[in-house]
Amino acid sequence: MADTPAATARDAKDRISRAEMPGAPPGTLIPELGARRPVVQMIGYGSEGAEEGSVHNARDLSPIQDFLERYPVTWVNVDGLADTDLVRSIGKMFGIHPLVLEDVVHPHQRAKVDSYGDYLYIVTRMVDAREHLDTEQLSLILGKRYVITFQEGVPGDCLQPVRDRIKRGQGHLRSSGSGYLAYALLDAVVDNYFPVLEGYHLLLERFEDQILAGTRTHVVKKVHGIKRDLITLHRSLVPLRNSLQALLRDSFPWFEDSTRIYLRDVDDHSRQLLDLVDSYRKIASDLIDLQLSLASNRMNDVMKLLTVIGSIFLPLTFITGLYGMNFDTRAEYNLPELRWEYGYVFSLGVMAVVTLGMLIFFYRKGWLSLGKD
Amino acid sequence: MADTPAATARDAKDRISRAEMPGAPPGTLIPELGARRPVVQMIGYGSEGAEEGSVHNARDLSPIQDFLERYPVTWVNVDGLADTDLVRSIGKMFGIHPLVLEDVVHPHQRAKVDSYGDYLYIVTRMVDAREHLDTEQLSLILGKRYVITFQEGVPGDCLQPVRDRIKRGQGHLRSSGSGYLAYALLDAVVDNYFPVLEGYHLLLERFEDQILAGTRTHVVKKVHGIKRDLITLHRSLVPLRNSLQALLRDSFPWFEDSTRIYLRDVDDHSRQLLDLVDSYRKIASDLIDLQLSLASNRMNDVMKLLTVIGSIFLPLTFITGLYGMNFDTRAEYNLPELRWEYGYVFSLGVMAVVTLGMLIFFYRKGWLSLGKD
Amino acid sequence: MADTPAATARDAKDRISRAEMPGAPPGTLIPELGARRPVVQMIGYGSEGAEEGSVHNARDLSPIQDFLERYPVTWVNVDGLADTDLVRSIGKMFGIHPLVLEDVVHPHQRAKVDSYGDYLYIVTRMVDAREHLDTEQLSLILGKRYVITFQEGVPGDCLQPVRDRIKRGQGHLRSSGSGYLAYALLDAVVDNYFPVLEGYHLLLERFEDQILAGTRTHVVKKVHGIKRDLITLHRSLVPLRNSLQALLRDSFPWFEDSTRIYLRDVDDHSRQLLDLVDSYRKIASDLIDLQLSLASNRMNDVMKLLTVIGSIFLPLTFITGLYGMNFDTRAEYNLPELRWEYGYVFSLGVMAVVTLGMLIFFYRKGWLSLGKD
Amino acid sequence: MADTPAATARDAKDRISRAEMPGAPPGTLIPELGARRPVVQMIGYGSEGAEEGSVHNARDLSPIQDFLERYPVTWVNVDGLADTDLVRSIGKMFGIHPLVLEDVVHPHQRAKVDSYGDYLYIVTRMVDAREHLDTEQLSLILGKRYVITFQEGVPGDCLQPVRDRIKRGQGHLRSSGSGYLAYALLDAVVDNYFPVLEGYHLLLERFEDQILAGTRTHVVKKVHGIKRDLITLHRSLVPLRNSLQALLRDSFPWFEDSTRIYLRDVDDHSRQLLDLVDSYRKIASDLIDLQLSLASNRMNDVMKLLTVIGSIFLPLTFITGLYGMNFDTRAEYNLPELRWEYGYVFSLGVMAVVTLGMLIFFYRKGWLSLGKD
Amino acid sequence: MADTPAATARDAKDRISRAEMPGAPPGTLIPELGARRPVVQMIGYGSEGAEEGSVHNARDLSPIQDFLERYPVTWVNVDGLADTDLVRSIGKMFGIHPLVLEDVVHPHQRAKVDSYGDYLYIVTRMVDAREHLDTEQLSLILGKRYVITFQEGVPGDCLQPVRDRIKRGQGHLRSSGSGYLAYALLDAVVDNYFPVLEGYHLLLERFEDQILAGTRTHVVKKVHGIKRDLITLHRSLVPLRNSLQALLRDSFPWFEDSTRIYLRDVDDHSRQLLDLVDSYRKIASDLIDLQLSLASNRMNDVMKLLTVIGSIFLPLTFITGLYGMNFDTRAEYNLPELRWEYGYVFSLGVMAVVTLGMLIFFYRKGWLSLGKD
């Protein structure tokens, strides 16, 4: 396998399609590989009541038109982006700019807020950490009387509670305009990050315990995985916070002042999320450092033990080797100790002295107390 | 145990309740798990005098009403957030926005200042490091003639000195408006961080001494714990400083100019606290690095000793092994040394030369002076 | 070889020519070493049609004049910068400031946007990662009715798709002014970074797998290479994003409001690119740390094995040495064990006890379970 | 000793008094533990002359009043903060806000500039590195005709040169207003940092030489100490620079435009100091890294030597052990080499081959050239 | 030698003189130790011609006066700052503020731009890396009809090309005012950094190759030296860029709009230089990390080899030791193997099994493939 980025990317063409085709004219709608068949659902509501409906034939959008006429606010939710024709027809119906539609079908955008005069285009990323960390794009178009949302259609949907609140008529939702619906959706998206981050928090605490207890490589790899996920979350949350700030700062017609107070709340939450992500990143880095430091201390212990054992037994073995030599002891100066009556006892004494000397030396250096973590 | 964040979070449902239920309508008041039963106390005061009172029946808030009528400034302190009905009634009495009440009963907010026209909502976090580091939310609502504070009800309260000052009539407190009371409470909250940080400072100094003296793993773990606490403190203090700046920058009606000078002082203190936290974080990181560096030097010493011992005794042992071989010395070229008259002395000489050579070599490399820290 | 920067730079004169000659008067046009012979091509277009042409004789630029007269918008593309006379003549024809021309022929500029009254000078860097990472300067001069682009002439050109769109009459291109053409070119340049970054992403994922699997040095070197490339990309992208922001913020006459919406899109992409580069840099750094941490754990395992082996066999060998000594066993206290009937069995027993003791000690310390990554 | 921050802080009550008593009413003047008895000195001057005086009885401040009446500018210097009554009387005499007096007697403030209408309150920290790094608070109150300075009273005073200049009538000092005196004092405080930083610079250079030369642990500890001092200096200098910027930016009545030019100079110096502190911190960090890197290289050398020695002598010793076995050589297959005529020579040959093979192997790996730093 | 910063600084008094004497009145002109004797040269020019001259007698500045009268623009260049009287006379002649003169003779200022009404004071630092990295202060005073430059007088001067351009009458220089001359000088100063940085770039590339090839300590020390130099360059360049920005932002009378376009170019270059310095710093840090990582991998290899050798030969040696024991084999259970006919073969077999087992174990762990970098 070639290792230049270009070659690697060529080998994996399907993933490049993630990025837009370089040089394609803006507004080109090419469905992403693996995009899902769309399901179009509507909820229309007003202070009197709410009604759900859906579009069965992608070529006939008249049910949407019908809802728009009968209800003060209509929420059109498109789940799945494989049918670019459908996206184009919806775009035409509501007068959406081609660039917006392009961003809708290429769901790899940063969170952003773009004003197009009579509608707002808001992109956010919904988080999903059931299997592994993933983010899904939610494109939200907010007009005077409608909100259109486009999702990639991954099963599991953090917007369900909003749908339920509309149906149950809970809270202000039914009596407020489309801006409040947009707020409620953004709030659901942002709040969904909290349990995910809490999950990372718990994992980090568990891993910290394991590292302090001495478990190893295994944990380092998992902490590394968390760090990578947190980098991804950070990349999602920074533009999200910036977008919410822009929403608060600039005056968009469909956000009334009463709704703006609620937006401030979502903004607070997004900042809190970023604080948490930053803290967890620091904690994860500190865990890696802690593991390195503890490993280095343990290595020290290992080496001290080897050094103590070696320093004691290498000299002893040398002494035994000395008296295991086969010099002809009949010659006077050849190993006279062997012929001594207490030669063995003498040699044992020498060894005892050497051992004791070493032990005292190591005791003074504090190397004998290894392993007390 | 599964290691994905979502699964981990599911396993620990009660902790997720920390975060708000994603998708719940705003203003939903669900008490936190483990929230305490509320105790409601009031202090009313004016230049003529001060009076303490309390609400005994959560359904009857008329005592508060009574205080409000009789005193220029009334401070209502609610300790414990388990009774959401009580919070709702107080909210209704003072005309508090549902979002504020929601934040009050979910005490995991960042410090912030939100203006709601005729009252200000200020969130701060009180620090508590008696057992281990913890922060408790103080929600403060400042109106023209009243200050309402909501605490989680953890025993031990840094607001007691303010209560005492009102009762004793010390300082400007009784002769000033509600803004000055809010200042005094914020000041007490901020000043309470100082002894905590001083405690960390002393611990870091103690640990530094221990690391310099050679103590080990144990200390690394504790310094790691301090780093984690300082990350938490940093997360509390940054929004606190931002809120105080906002209070100073924007003009809120209930902060007179004379009180604003005092706020500047609290703001100074919050910056000083942040400076300290940042310094201590750097010092803690440096301590970990220092430990690693010293450990690496000590390892060097350990290994040098092993190498010196090994390099001297392995060759010596080899020589003794040589003359311990059992070749048939009757053959002329088999170990003739064994038959020499001074064979043993010769072999000892060879060993002495080897040892001396090694010692000179190691002396020149400076490896014999290990252990002089 | 001398190692002072000045000496090193002197040894490599040709590379210094990269930087401009210090002290030369501004507007001096000295061709870079290795600059390519220029090829000049034009495309003129309007709503009715488009025509391609080229300049064959660098001394006669009348074909350009001709296109300018006949078409609403003319794009002059100069590929190769060796002929400074040609650059000067084109500059004269369009009234370009000498400083612009100097920047054009010294293609080592940062991305920037400079307004010169009736034309805009935009510098960007095109990325090329086919062999190894390289960036090429694209100088773009945008006037009311023309766009002039200067490239270094490296084969392979990310502007081809724009050329094709003009010829095919796709999208808004033909019906819009020169500002839209400039946008289309900038968009092509920016979008071309995506596959390159995706390539780095794939490489990092592959290297992460290899590091987790235990592969070594080789990978560290490659990750290091990626880090260096990402530093280069960061250096290209930061000024690019700043320039795009400047384009959006300031009002230049040749960018109509409708085009400005498209520019916002390019700006979004440039931010997304920077986000990606920053994330990948962090991931690459984390990989190096991970490798270091895993290597340290593996080293721990290696040392533990050596220590276990040494701690068991050094004492055993000492014991065998003891009973291999040649003391004269006729003396009563000299190695009486040798004369025992079960001496050998006794010595084996001692060894077994030593071995067992060591094994229990190491088992308790958990050192026997090495290698379970 | 307990290791929670709160317990640690309780054990060291006297140090907590550093921080203000949490919850005390603002403006409470409690002297710090260890505060010194005050000495009050005045210098009055004008274009005609200068006079020194001092207050002998802390209860009678009439000498100050006298100076104020007789001289255009009076500088009152209070050295030592133990007598809070004195501070209070001076505060009363000049109409100083209680918060200012509180900050004066709690000398642990950040540098700051606060305007109180007709006087300015400026806090800076003077540096002292004679024994070990210490900073002392200088509180400066600048009114139309007076400057009051409060110092902690540590012996040795960087303001002496200003005193001398007033007495000698050098420079503009006597002919300018109180603003110029304030400038001169700030300038003396800021300039006093330079020799301290130069001292750190020299120390870092010396330590770098020692690290490059191979000295060890000792130096790491000292570099660590410098890093900690530089963190302290950074904490002093950042608010100092911010205060000077505020002084330059805002218009305070007692700083004339001509003095403002001089303030710009002090501001320059404070920035230069911060640049230096930042550089030295980076250099100190780099030194620690360098030491770690060199130590790791030296460890490599140590281990290589051990490995070379071990790899050569362990096999050799094994061979000697082999021929030292006591098998009954009367059996044909038992150690026939022992009976060979050239058995010994053969075994020496085998050993020579093993040794040579190892040496060639290590030579090829480049491990024999250790120690060439 | 004492190790406190103050003591160290005292030991090196001459270096402290670098910093200004703390407490000296502003505008005191004390020559720096080692300052050079000044050489004063003038160039006067206008559209008609240019003339060079010099001041021979420091007490008589009339030649300057003469040039000022005869030419529209006069450049006075003072090389060497030892003669403070000369500096004072020039200052008097042109009406320069004493603070400017003080900064001129203490050439350790940060780059800055200060406006003094009818003249601008610009400080920059010229780079010189011939022997080792050094920066020299260039003080530039720009008035309506003159530019005065003060240099420290180090031989070798990056302003020579400007002098030549004036003499040759190249470019706009002669026909423009003093602002353009100031630009040309700044441009020469800034451009002179490029070859220096290119030199560092080449050195880093060379060191990277050496590190990848396995060279060691030596390179780490040199990369460390480069990091220190880059910190110095960063400290020079940040204020330089800020000054150039200030020049561009504020409107100074002597910079016409046409010159301002050129200044934009110098500003671009200064940013490019900072980008480069930042990149090179990151690359240098990465190199140190890479070296550490590679060293750790190599250490791993070293230790693996030792462990493999030790794990094989320690057991083998133990076995040979076993059969080298001298138990009295006449007792039945004492070393019966020695009496076996195939005892030796049996022991060799055991050893072969042990060796093979170890080799298989190490092969499976992949430790036998060391050294493949």
# chains A, B, ... in the order shown; residues from 1 in each chain; ligands from 1
call {"tool": "select_by_dssp", "arguments": {"residues": "range 25-87 of chain D", "states": "helix (DSSP H, G or I)", "output": "PyMOL selection string"}}
result
chain D and resi 62-70+84-87
call {"tool": "closest_atom_pairs", "arguments": {"of": "chain E", "to": "chain B", "cutoff": "12 Å", "atoms": "only C-alpha atoms", "output": "Markdown table"}}
result
| residue | atom | partner | partner_atom | distance |
| --- | --- | --- | --- | --- |
| E:Met303 | CA | B:Met303 | CA | 11.6 |
| E:Leu306 | CA | B:Thr307 | CA | 11.9 |
| E:Leu314 | CA | B:Leu314 | CA | 11.8 |
| E:Thr317 | CA | B:Gly321 | CA | 10.5 |
| E:Thr320 | CA | B:Gly321 | CA | 10.8 |
| E:Gly321 | CA | B:Gly321 | CA | 9.9 |
| E:Tyr323 | CA | B:Asn326 | CA | 12.0 |
| E:Gly324 | CA | B:Gly324 | CA | 9.1 |
| E:Met325 | CA | B:Gly324 | CA | 11.2 |
| E:Asn326 | CA | B:Gly324 | CA | 11.9 |
call {"tool": "closest_residue", "arguments": {"among": "A:Glu102, A:Glu208, A:Glu48, A:Asp268", "to": "Leu287 in chain A", "atoms": "only C-alpha atoms"}}
result
A:Glu208
call {"tool": "select_by_dssp", "arguments": {"residues": "range 47-205 of chain E", "states": "strand (DSSP E or B)", "output": "PyMOL selection string"}}
result
chain E and resi 50-55+73-79+112-115+120-128+134-142+146-151
call {"tool": "residues_around", "arguments": {"residues": "Val238 in chain E", "least_positions_apart": "6", "cutoff": "10 Å", "atoms": "only C-alpha atoms", "output": "MDAnalysis selection string"}}
result
(chainID D and resid 275) or (chainID E and resid 110:111 270:271 273:274)
call {"tool": "atom_distance", "arguments": {"atom1": "CA of Gln272 in chain A", "atom2": "CA of His201 in chain A"}}
result
14.0 Å
call {"tool": "closest_residue", "arguments": {"among": "D:Asp191, D:Leu101, D:Pro161, D:Asn297", "to": "Thr28 in chain D", "atoms": "only C-alpha atoms"}}
result
D:Leu101
call {"tool": "residues_around", "arguments": {"residues": "range 148-150 of chain B", "least_positions_apart": "5", "cutoff": "9 Å", "atoms": "only C-alpha atoms", "output": "list in words"}}
result
Thr74, Trp75, Val76, Asn77, Val78, Asp79, Gly80, Leu81, Val104, Val105, Gln137, Leu138, Ser139, Leu140, Ile141, Leu142 and Gly143 of chain B
call {"tool": "residues_around", "arguments": {"residues": "Arg264 in chain E", "least_positions_apart": "4", "cutoff": "12 Å", "atoms": "only C-alpha atoms", "output": "list in words"}}
result
Leu99, Val100, Lys112, Val113, Asp114, Ser115 and Tyr116 of chain C; Tyr183, Leu186, Asp187, Arg241, Leu244, Gln245, Ala246, Leu247, Leu248, Arg249, Phe255, Asp257, Ser258, Thr259, Arg260, Asp268, His269, Ser270 and Arg271 of chain E
call {"tool": "residues_around", "arguments": {"residues": "Phe313 in chain C", "least_positions_apart": "4", "cutoff": "12 Å", "atoms": "only C-alpha atoms", "output": "PDB file with C-alpha atoms, in the first residue's frame"}}
result
ATOM      1  CA  LEU A 306      17.238  -7.140  39.168  1.00  0.00           C
ATOM      2  CA  ILE A 309      19.702  -9.762  42.911  1.00  0.00           C
ATOM      3  CA  GLY A 310      22.493  -9.362  40.376  1.00  0.00           C
ATOM      4  CA  PHE A 313      24.621 -13.189  43.403  1.00  0.00           C
ATOM      5  CA  LEU A 314      27.123 -12.246  40.716  1.00  0.00           C
ATOM      6  CA  THR A 317      28.886 -16.938  42.092  1.00  0.00           C
TER       7      THR A 317
ATOM      8  CA  LEU C 306      14.681 -10.597  32.446  1.00  0.00           C
ATOM      9  CA  THR C 307      14.243  -9.868  36.136  1.00  0.00           C
ATOM     10  CA  VAL C 308      12.168 -12.990  36.709  1.00  0.00           C
ATOM     11  CA  ILE C 309      14.653 -15.182  34.838  1.00  0.00           C
ATOM     12  CA  THR C 317      23.531 -21.067  39.725  1.00  0.00           C
ATOM     13  CA  PHE C 318      25.115 -19.782  42.917  1.00  0.00           C
ATOM     14  CA  ILE C 319      23.965 -22.913  44.738  1.00  0.00           C
ATOM     15  CA  THR C 320      25.333 -25.188  42.029  1.00  0.00           C
ATOM     16  CA  GLY C 321      28.547 -23.196  42.164  1.00  0.00           C
ATOM     17  CA  MET C 351      16.770 -24.978  44.733  1.00  0.00           C
ATOM     18  CA  ALA C 352      13.117 -25.955  44.443  1.00  0.00           C
ATOM     19  CA  VAL C 354      14.186 -20.904  46.185  1.00  0.00           C
ATOM     20  CA  THR C 355      12.452 -21.196  42.809  1.00  0.00           C
ATOM     21  CA  LEU C 356       9.037 -21.635  44.351  1.00  0.00           C
ATOM     22  CA  MET C 358      10.566 -16.470  43.798  1.00  0.00           C
ATOM     23  CA  LEU C 359       7.640 -17.613  41.688  1.00  0.00           C
TER      24      LEU C 359
ATOM     25  CA  GLY E 310      19.970 -13.889  29.434  1.00  0.00           C
ATOM     26  CA  SER E 311      16.847 -16.033  29.269  1.00  0.00           C
ATOM     27  CA  ILE E 312      18.616 -18.619  27.175  1.00  0.00           C
ATOM     28  CA  PHE E 313      22.027 -18.751  28.792  1.00  0.00           C
ATOM     29  CA  LEU E 314      21.172 -18.313  32.459  1.00  0.00           C
ATOM     30  CA  PRO E 315      19.151 -21.582  32.544  1.00  0.00           C
ATOM     31  CA  LEU E 316      21.785 -23.334  30.427  1.00  0.00           C
ATOM     32  CA  THR E 317      24.556 -22.226  32.741  1.00  0.00           C
ATOM     33  CA  PHE E 318      22.492 -23.401  35.679  1.00  0.00           C
ATOM     34  CA  ILE E 319      22.246 -26.868  34.129  1.00  0.00           C
ATOM     35  CA  GLY E 321      26.489 -25.868  37.055  1.00  0.00           C
ATOM     36  CA  LEU E 322      24.215 -28.649  38.252  1.00  0.00           C
TER      37      LEU E 322
END
call {"tool": "residues_around", "arguments": {"residues": "Arg228 in chain E", "least_positions_apart": "6", "cutoff": "12 Å", "atoms": "only C-alpha atoms", "output": "list in words"}}
result
Leu204, Glu205, Glu208, Ser279, Tyr280, Arg281, Lys282, Ile283, Ala284, Ser285, Asp286, Leu287 and Leu290 of chain D; His132, Leu133, Asp134, Tyr200, Lys221, Lys222, His234, Arg235, Val277, Tyr280, Arg281, Ala284 and Ser285 of chain E
call {"tool": "write_last_selection", "arguments": {"atoms": "C-alpha atoms", "output": "compact mmCIF listing (two decimals), in the first residue's frame"}}
result
# COMPACT_ATOMS: atom_id res chain seq x y z
CA LEU D 204 19.77 29.26 32.88
CA GLU D 205 22.87 29.63 30.75
CA GLU D 208 22.44 24.64 30.25
CA SER D 279 11.19 33.20 26.76
CA TYR D 280 12.92 32.05 29.92
CA ARG D 281 10.01 29.79 30.78
CA LYS D 282 10.25 28.17 27.37
CA ILE D 283 14.02 27.87 27.73
CA ALA D 284 13.66 26.30 31.18
CA SER D 285 11.12 23.80 29.85
CA ASP D 286 13.40 23.02 26.95
CA LEU D 287 16.25 22.42 29.39
CA LEU D 290 16.96 18.29 26.91
CA HIS E 132 25.77 32.71 16.06
CA LEU E 133 22.37 34.33 16.19
CA ASP E 134 22.49 37.97 17.22
CA TYR E 200 17.50 27.22 10.09
CA LYS E 221 22.01 19.39 21.52
CA LYS E 222 22.02 21.18 18.19
CA HIS E 234 10.13 35.06 17.91
CA ARG E 235 10.81 37.68 20.58
CA VAL E 277 9.43 30.81 13.01
CA TYR E 280 10.17 25.73 12.69
CA ARG E 281 9.66 25.79 16.43
CA ALA E 284 12.17 21.39 16.21
CA SER E 285 9.99 20.24 19.11
call {"tool": "atom_distance", "arguments": {"atom1": "CA of Gly27 in chain E", "atom2": "CA of Pro98 in chain E"}}
result
4.7 Å
call {"tool": "atom_distance", "arguments": {"atom1": "CA of Tyr342 in chain A", "atom2": "CA of Arg339 in chain B"}}
result
24.6 Å
